[in-house]
Amino acid sequence: MKKHTLAILVNDQPGVLQRVSGLFGRRGFNIESITVGSSEEPGLSRMVIVTSGDDNMLEQITKQLYKLIDVIKVVDVSSSPMVARELALIKVGAEPAARPEVLGVVETFRAAVVDIGPSSLIVQVVGDTEKIDAMIELLKPYGIRELSRTGVTAMVRGSVK
């Protein structure tokens, strides 16, 4: 099974997200990650969905998506060179004595501390999924108290649109 990253341009209307995600669920396909936000065109939103499956599954999903009236365009950005990023906020237990060690991990990953509490830090990290997974693993021994991740967002590299 191969990971596919789909960029879907849709009308910015209530219920579109539910219809798109429902289509995946009805077909038995898992959504590993989903992000939705404004696009460069007023009135249109861009959804970026990461899913796994073979090429036949991707073809079926694409055909079904185009049957939805609010779907304008579907692009498999993972079939071209792409830039993909996600963001994570990680609240880590960090008593003052342990902070230098945690800050060493933060610096190594070019992350940033965005909040300091009496016994915790909130770290912001941006990167590909593997980078964020690796940072989470290194912070686990300090006690991850809370974790929030965005889904992957992606674009095809270069001037291809």
# chains A, B, ... in the order shown; residues from 1 in each chain; ligands from 1

$ residues_around --residues "A:Phe109" --least-positions-apart "4" --cutoff "8 Å" --atoms "only C-alpha atoms" --output "list of chain:residue names"
A:Val105, A:Val125, A:Lys131, A:Met135

$ write_last_selection --atoms "N, CA, C and O atoms" --output "short mmCIF file (atom, residue, chain, number, x, y, z; two decimals), in the first residue's frame"
data_model
loop_
_atom_site.label_atom_id
_atom_site.label_comp_id
_atom_site.auth_asym_id
_atom_site.auth_seq_id
_atom_site.Cartn_x
_atom_site.Cartn_y
_atom_site.Cartn_z
N VAL A 105 16.85 19.17 22.76
CA VAL A 105 16.06 18.47 21.74
C VAL A 105 15.36 19.48 20.84
O VAL A 105 15.37 19.36 19.61
N VAL A 125 6.71 22.53 16.58
CA VAL A 125 7.62 21.98 15.57
C VAL A 125 6.88 21.90 14.24
O VAL A 125 5.71 21.52 14.19
N LYS A 131 9.83 13.87 10.75
CA LYS A 131 10.51 14.75 11.70
C LYS A 131 9.69 14.90 12.98
O LYS A 131 10.22 14.82 14.09
N MET A 135 10.66 13.69 16.81
CA MET A 135 10.72 14.60 17.95
C MET A 135 9.83 14.11 19.09
O MET A 135 10.21 14.16 20.26
#

$ residues_around --residues "A:Arg26" --least-positions-apart "6" --cutoff "12 Å" --atoms "only C-alpha atoms" --output "VMD selection string"
chain A and resid 18 to 20 61 64

$ residues_around --residues "A:Gln13" --least-positions-apart "4" --cutoff "9 Å" --atoms "only C-alpha atoms" --output "ChimeraX atom specification"
/A:17,43-45,70

$ residues_around --residues "A:Leu68" --least-positions-apart "4" --cutoff "12 Å" --atoms "only C-alpha atoms" --output "MDAnalysis selection string"
chainID A and resid 8:11 15:23 61:64 72:74

$ residues_around --residues "stretch 140-148 of chain A" --least-positions-apart "2" --cutoff "12 Å" --atoms "only C-alpha atoms" --output "PyMOL selection string"
chain A and resi 86-95+97-103+105+119-125+132-138+150-151

$ atom_distance --atom1 "atom CA of A:Gly28" --atom2 "atom CA of A:Val71"
19.9 Å

$ atom_distance --atom1 "atom CA of A:Arg110" --atom2 "atom CA of A:Leu6"
27.7 Å

$ select_by_dssp --residues "chain A" --states "strand (DSSP E)" --output "PyMOL selection string"
chain A and resi 2-11+31-38+44-53+71-76+82-93+112-116+120-127+144-149+153-156

$ select_by_dssp --residues "chain A" --states "alpha helix (DSSP H)" --output "MDAnalysis selection string"
chainID A and resid 16:27 55:67 99:108 129:139

$ closest_residue --among "A:Gly158, A:Lys67, A:Glu32, A:Pro96" --to "A:Gly117" --atoms "only C-alpha atoms"
A:Pro96

$ atom_distance --atom1 "atom CA of A:Ala154" --atom2 "atom CA of A:Arg85"
6.4 Å

$ closest_residue --among "A:Arg157, A:Asn56, A:Val152, A:Ala84" --to "A:Gly37" --atoms "only C-alpha atoms"
A:Val152

$ closest_residue --among "A:Arg27, A:Val77, A:Arg46, A:Ser38" --to "A:Gln60" --atoms "only C-alpha atoms"
A:Arg27
